[in-house]
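Text of the file final_11.tsv, holding TSV, C-alpha atoms:
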```
chain	number	residue	atom	x	y	z
C	132	MET	CA	21.10	74.24	103.47
C	133	ARG	CA	20.47	76.17	106.64
C	134	LEU	CA	20.93	79.85	107.51
C	135	GLU	CA	20.22	81.53	110.84
C	136	THR	CA	19.49	85.00	112.11
C	137	PRO	CA	18.86	86.03	115.71
C	138	ARG	CA	15.15	85.16	115.47
C	139	LEU	CA	14.83	82.98	112.37
C	140	LEU	CA	15.94	79.68	110.95
C	141	LEU	CA	16.01	79.64	107.15
C	142	ARG	CA	15.91	75.97	106.15
C	143	GLU	CA	15.12	73.77	103.19
C	144	PHE	CA	11.46	73.04	102.62
C	145	VAL	CA	10.15	69.54	103.34
C	146	ALA	CA	6.98	68.02	101.90
C	147	ASP	CA	5.13	68.28	105.23
C	148	ASP	CA	5.46	72.09	105.24
C	149	TRP	CA	2.45	72.57	102.96
C	150	PRO	CA	-0.24	72.92	105.71
C	151	ALA	CA	1.65	75.83	107.32
C	152	VAL	CA	2.09	77.48	103.91
C	153	LEU	CA	-1.59	76.98	103.12
C	154	ALA	CA	-2.51	78.66	106.42
C	155	TYR	CA	-0.70	81.91	105.64
C	156	GLN	CA	-1.41	81.90	101.90
C	157	SER	CA	-5.15	81.61	102.60
C	158	ASP	CA	-5.17	84.81	104.65
C	159	PRO	CA	-7.06	87.65	102.86
C	160	LEU	CA	-4.33	90.12	103.90
C	161	TYR	CA	-1.73	87.96	102.17
C	162	LEU	CA	-3.91	87.41	99.11
C	163	ARG	CA	-4.42	91.12	98.41
C	164	TYR	CA	-0.93	91.32	96.84
C	165	TYR	CA	-1.43	88.35	94.49
C	166	TYR	CA	-3.54	87.70	91.42
C	167	TRP	CA	-5.10	84.57	92.90
C	168	THR	CA	-8.20	84.91	95.09
C	169	GLU	CA	-7.79	81.67	97.01
C	170	ARG	CA	-5.28	78.90	97.61
C	171	THR	CA	-6.15	75.23	97.73
C	172	ALA	CA	-4.27	72.35	99.29
C	173	ALA	CA	-3.34	71.17	95.78
C	174	ASP	CA	-2.02	74.64	94.84
C	175	VAL	CA	0.17	74.79	97.91
C	176	ARG	CA	1.42	71.21	97.61
C	177	ASP	CA	2.55	72.10	94.06
C	178	PHE	CA	4.12	75.32	95.38
C	179	VAL	CA	6.15	73.42	98.01
C	180	GLN	CA	7.01	70.68	95.51
C	181	MET	CA	8.52	73.33	93.22
C	182	PHE	CA	10.95	74.23	96.03
C	183	LEU	CA	11.72	70.56	96.67
C	184	ASP	CA	12.50	70.07	92.96
C	185	GLN	CA	14.79	73.12	92.99
C	186	GLN	CA	16.82	71.57	95.83
C	187	ALA	CA	17.83	68.70	93.53
C	188	GLU	CA	18.85	70.79	90.52
C	189	GLN	CA	22.50	70.67	89.51
C	190	PRO	CA	23.93	73.19	89.41
C	191	ARG	CA	21.54	74.69	91.88
C	192	THR	CA	20.44	78.22	91.00
C	193	LYS	CA	17.32	78.64	93.17
C	194	PHE	CA	17.36	78.66	96.95
C	195	GLN	CA	13.88	79.23	98.38
C	196	LEU	CA	13.96	78.55	102.11
C	197	ALA	CA	11.28	78.11	104.75
C	198	LEU	CA	11.28	80.78	107.46
C	199	VAL	CA	10.88	79.29	110.90
C	200	LEU	CA	10.46	81.39	114.03
C	201	LYS	CA	13.13	79.95	116.35
C	202	ALA	CA	11.27	80.74	119.58
C	203	GLU	CA	8.20	78.77	118.49
C	204	GLY	CA	9.53	76.39	115.84
C	205	ARG	CA	6.72	77.60	113.59
C	206	LEU	CA	6.95	78.14	109.80
C	207	ILE	CA	5.89	81.74	109.09
C	208	GLY	CA	6.90	82.27	105.45
C	209	ASN	CA	9.71	81.86	102.97
C	210	CYS	CA	12.63	83.78	101.53
C	211	GLY	CA	14.89	82.97	98.65
C	212	ILE	CA	17.35	83.95	95.99
C	213	ARG	CA	17.34	82.89	92.35
C	214	ILE	CA	20.35	83.27	90.07
C	215	ASN	CA	19.16	84.85	86.81
C	216	ASP	CA	22.44	84.89	84.93
C	217	PRO	CA	25.49	83.06	86.32
C	218	ASP	CA	27.84	84.77	83.85
C	219	GLN	CA	26.66	88.21	84.95
C	220	ARG	CA	26.56	87.09	88.63
C	221	GLU	CA	23.04	88.47	89.03
C	222	ALA	CA	20.13	87.16	91.08
C	223	ASN	CA	16.78	88.26	92.45
C	224	ILE	CA	15.31	87.76	95.90
C	225	GLY	CA	11.78	87.25	97.11
C	226	TYR	CA	10.07	86.74	100.43
C	227	GLU	CA	6.64	86.29	101.92
C	228	LEU	CA	5.49	86.26	105.50
C	229	GLU	CA	2.29	85.44	107.32
C	230	SER	CA	0.37	88.64	108.05
C	231	ARG	CA	0.49	88.28	111.84
C	232	SER	CA	4.30	88.52	111.63
C	233	TRP	CA	4.28	91.73	109.58
C	234	GLY	CA	5.75	94.88	111.10
C	235	GLN	CA	8.23	93.08	113.38
C	236	GLY	CA	11.32	93.32	111.19
C	237	LEU	CA	11.29	89.59	110.41
C	238	ALA	CA	11.09	89.99	106.63
C	239	SER	CA	14.02	92.44	106.76
C	240	GLU	CA	15.98	90.02	108.93
C	241	ALA	CA	15.39	87.17	106.47
C	242	ALA	CA	16.04	89.28	103.36
C	243	SER	CA	19.24	90.67	104.87
C	244	GLU	CA	20.51	87.15	105.48
C	245	ILE	CA	19.61	85.95	101.98
C	246	VAL	CA	21.40	88.99	100.47
C	247	ARG	CA	24.46	88.20	102.63
C	248	PHE	CA	24.35	84.60	101.37
C	249	GLY	CA	24.14	85.83	97.78
C	250	PHE	CA	27.17	88.05	98.02
C	251	THR	CA	29.39	85.95	100.31
C	252	GLU	CA	28.48	82.38	99.36
C	253	LEU	CA	27.26	82.65	95.76
C	254	GLY	CA	29.74	85.35	94.71
C	255	LEU	CA	27.10	87.58	93.15
C	256	HIS	CA	27.69	91.07	91.79
C	257	ARG	CA	24.08	92.38	91.74
C	258	ILE	CA	20.90	91.41	93.56
C	259	TRP	CA	17.54	92.88	92.62
C	260	SER	CA	13.88	92.55	93.50
C	261	TRP	CA	10.52	94.17	92.91
C	262	CYS	CA	7.20	94.70	94.64
C	263	LEU	CA	3.81	96.13	93.88
C	264	ALA	CA	3.90	99.87	94.54
C	265	VAL	CA	0.95	99.52	96.93
C	266	ASN	CA	2.95	97.06	99.05
C	267	VAL	CA	4.82	99.72	101.04
C	268	GLY	CA	5.93	97.15	103.64
C	269	SER	CA	7.82	95.17	101.01
C	270	ALA	CA	9.42	98.34	99.63
C	271	ARG	CA	10.58	99.20	103.18
C	272	VAL	CA	12.14	95.73	103.53
C	273	MET	CA	14.22	96.25	100.40
C	274	GLU	CA	15.33	99.69	101.57
C	275	LYS	CA	16.26	98.35	105.03
C	276	VAL	CA	18.57	95.75	103.49
C	277	GLY	CA	20.36	98.49	101.55
C	278	MET	CA	18.68	98.15	98.16
C	279	ARG	CA	18.10	101.30	96.15
C	280	ARG	CA	15.03	102.02	94.10
C	281	GLU	CA	16.00	101.85	90.43
C	282	GLY	CA	12.68	102.41	88.76
C	283	GLN	CA	8.97	102.03	88.47
C	284	LEU	CA	7.12	100.01	85.86
C	285	ARG	CA	3.78	101.72	85.41
C	286	GLN	CA	0.64	99.59	85.22
C	287	LYS	CA	2.78	96.45	84.92
C	288	GLU	CA	0.32	93.93	86.31
C	289	TRP	CA	-3.45	93.42	86.26
C	290	ILE	CA	-4.58	92.16	89.67
C	291	LYS	CA	-8.15	91.79	90.83
C	292	GLY	CA	-9.66	94.34	88.50
C	293	SER	CA	-7.01	97.05	88.40
C	294	TRP	CA	-3.55	97.81	87.09
C	295	HIS	CA	-0.63	97.92	89.52
C	296	ASP	CA	2.79	99.52	89.24
C	297	HIS	CA	5.96	97.59	90.10
C	298	LEU	CA	8.85	99.18	92.00
C	299	LEU	CA	12.32	97.87	91.13
C	300	TYR	CA	15.17	97.73	93.67
C	301	ALA	CA	18.76	96.51	93.56
C	302	ILE	CA	22.02	96.44	95.46
C	303	LEU	CA	25.55	95.86	94.18
C	304	GLU	CA	28.15	93.80	96.04
C	305	GLU	CA	30.33	96.88	96.59
C	306	GLU	CA	27.39	98.80	98.08
C	307	TRP	CA	26.56	95.87	100.36
C	308	ARG	CA	30.17	95.57	101.58
C	309	ASN	CA	30.36	99.32	102.24
C	310	HIS	CA	27.05	99.16	104.12
C	311	HIS	CA	28.40	96.36	106.36
C	312	ARG	CA	31.78	97.84	107.24
```

Have the structure of the file written as structure tokens, please.
Amino acid sequence: MRLETPRLLLREFVADDWPAVLAYQSDPLYLRYYYWTERTAADVRDFVQMFLDQQAEQPRTKFQLALVLKAEGRLIGNCGIRINDPDQREANIGYELESRSWGQGLASEAASEIVRFGFTELGLHRIWSWCLAVNVGSARVMEKVGMRREGQLRQKEWIKGSWHDHLLYAILEEEWRNHHR
């Protein structure tokens, strides 16, 4: 599977992607939004292998794609969609990006394309996501792709010595189509 945006190629992961993933997942700026304090080569190989295993599932319900900067051919993150309930036509999205690519609209570009794929190719009715409330950049990404904030889960997750709220966002197919007319 392969999707494209003006600046990004969203492609299937391959086993040799793990060093690039390790590079951005080892960055302290990246790590501040996760419960882990470090990433090892073994951790990241397992992480990439999970995506490789998902590619072979039938029927496939998880599409986590490598984000490659077209101009440089460099892997800078990942973005994906996971069907939660096929009968309800609902899925959630997620994305992560190396910190040096933050603030350039790349996460929004990738998330917008994965939402488009969900509604047009997978026939979904509702797509949702969440972020830590302190991750204002991620909240902005969801808002830029047309998602609306649906709620806040207070003190939902214990990370590095403190409780963190989650913000919940979603968009319906009808809202997405109206947004793109």

Show which residues sit within 9 Å of Ala222 of chain C, as a JSON list (two decimals) with C-alpha atoms, keeping the file's coordinate frame. Count all atoms listed in the file, and ignore same-chain residues fewer than 6 positions away.
```json
[["chain", "number", "residue", "atom", "x", "y", "z"],
["C", 192, "THR", "CA", 20.44, 78.22, 91.00],
["C", 212, "ILE", "CA", 17.35, 83.95, 95.99],
["C", 213, "ARG", "CA", 17.34, 82.89, 92.35],
["C", 214, "ILE", "CA", 20.35, 83.27, 90.07],
["C", 215, "ASN", "CA", 19.16, 84.85, 86.81],
["C", 216, "ASP", "CA", 22.44, 84.89, 84.93],
["C", 249, "GLY", "CA", 24.14, 85.83, 97.78],
["C", 255, "LEU", "CA", 27.10, 87.58, 93.15],
["C", 256, "HIS", "CA", 27.69, 91.07, 91.79],
["C", 257, "ARG", "CA", 24.08, 92.38, 91.74],
["C", 258, "ILE", "CA", 20.90, 91.41, 93.56],
["C", 259, "TRP", "CA", 17.54, 92.88, 92.62],
["C", 260, "SER", "CA", 13.88, 92.55, 93.50]]
```

Can you pull out the residues contacting Leu206 of chain C? Cut-off 8 Å, using all atoms listed in the file, and skip same-chain residues under 3 positions away; I want them as an NGL selection string.
:C and (148 or 151-152 or 197-200)

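With all atoms listed in the file as the atoms that count, the minimum distance from Gly236 of chain C to the choices C:Arg176, C:Arg191, C:Arg308, C:Lys275 is reached by C:Lys275.
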
Restricting to only C-alpha atoms, whichever of C:Leu160, C:Met273, C:Gly254, C:Asp147 is closest to Trp233 of chain C is C:Leu160

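Proximity ranking of C:Leu141, C:Gln235, C:Thr171, C:Tyr165 relative to Asn209 of chain C places C:Leu141 first, based on all atoms listed in the file.
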
Calculate how many Å separate atom CA of Lys291 of chain C from atom CA of Tyr166 of chain C, rounding to one decimal.
6.2 Å

Just the number, please: distance in Å from atom CA of Glu252 of chain C to atom CA of Leu228 of chain C, one decimal.
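It comes out at 24.1 Å.
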
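Checking C:Gln189, C:Gln156, C:Ser293, C:Asn223 one by one against Val246 of chain C, counting all atoms listed in the file, you find the shortest gap at C:Asn223.
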
Among the residues C:Ala241, C:Cys262, C:Val267, C:Ala172, the one that comes closest to Arg142 of chain C [using all atoms listed in the file]:
C:Ala241

Could you please determine the separation between atom CA of Asp177 of chain C and atom CA of Ser239 of chain C in Å, to one decimal place?
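According to the coordinates, atom CA of Asp177 of chain C and atom CA of Ser239 of chain C are separated by 26.6 Å.
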
Could you check which residues have any atom within 12 Å of (6.3, 98.1, 97.5), counting only C-alpha atoms with coordinates taken straight from the file, and then list them as a PDB file with C-alpha atoms, in the frame of the given file?
```pdb
ATOM      1  CA  TYR C 164      -0.930  91.320  96.840  1.00  0.00           C
ATOM      2  CA  SER C 260      13.880  92.550  93.500  1.00  0.00           C
ATOM      3  CA  TRP C 261      10.520  94.170  92.910  1.00  0.00           C
ATOM      4  CA  CYS C 262       7.200  94.700  94.640  1.00  0.00           C
ATOM      5  CA  LEU C 263       3.810  96.130  93.880  1.00  0.00           C
ATOM      6  CA  ALA C 264       3.900  99.870  94.540  1.00  0.00           C
ATOM      7  CA  VAL C 265       0.950  99.520  96.930  1.00  0.00           C
ATOM      8  CA  ASN C 266       2.950  97.060  99.050  1.00  0.00           C
ATOM      9  CA  VAL C 267       4.820  99.720 101.040  1.00  0.00           C
ATOM     10  CA  GLY C 268       5.930  97.150 103.640  1.00  0.00           C
ATOM     11  CA  SER C 269       7.820  95.170 101.010  1.00  0.00           C
ATOM     12  CA  ALA C 270       9.420  98.340  99.630  1.00  0.00           C
ATOM     13  CA  ARG C 271      10.580  99.200 103.180  1.00  0.00           C
ATOM     14  CA  VAL C 272      12.140  95.730 103.530  1.00  0.00           C
ATOM     15  CA  MET C 273      14.220  96.250 100.400  1.00  0.00           C
ATOM     16  CA  GLU C 274      15.330  99.690 101.570  1.00  0.00           C
ATOM     17  CA  ARG C 280      15.030 102.020  94.100  1.00  0.00           C
ATOM     18  CA  GLY C 282      12.680 102.410  88.760  1.00  0.00           C
ATOM     19  CA  GLN C 283       8.970 102.030  88.470  1.00  0.00           C
ATOM     20  CA  LEU C 284       7.120 100.010  85.860  1.00  0.00           C
ATOM     21  CA  HIS C 295      -0.630  97.920  89.520  1.00  0.00           C
ATOM     22  CA  ASP C 296       2.790  99.520  89.240  1.00  0.00           C
ATOM     23  CA  HIS C 297       5.960  97.590  90.100  1.00  0.00           C
ATOM     24  CA  LEU C 298       8.850  99.180  92.000  1.00  0.00           C
ATOM     25  CA  LEU C 299      12.320  97.870  91.130  1.00  0.00           C
ATOM     26  CA  TYR C 300      15.170  97.730  93.670  1.00  0.00           C
TER      27      TYR C 300
END
```
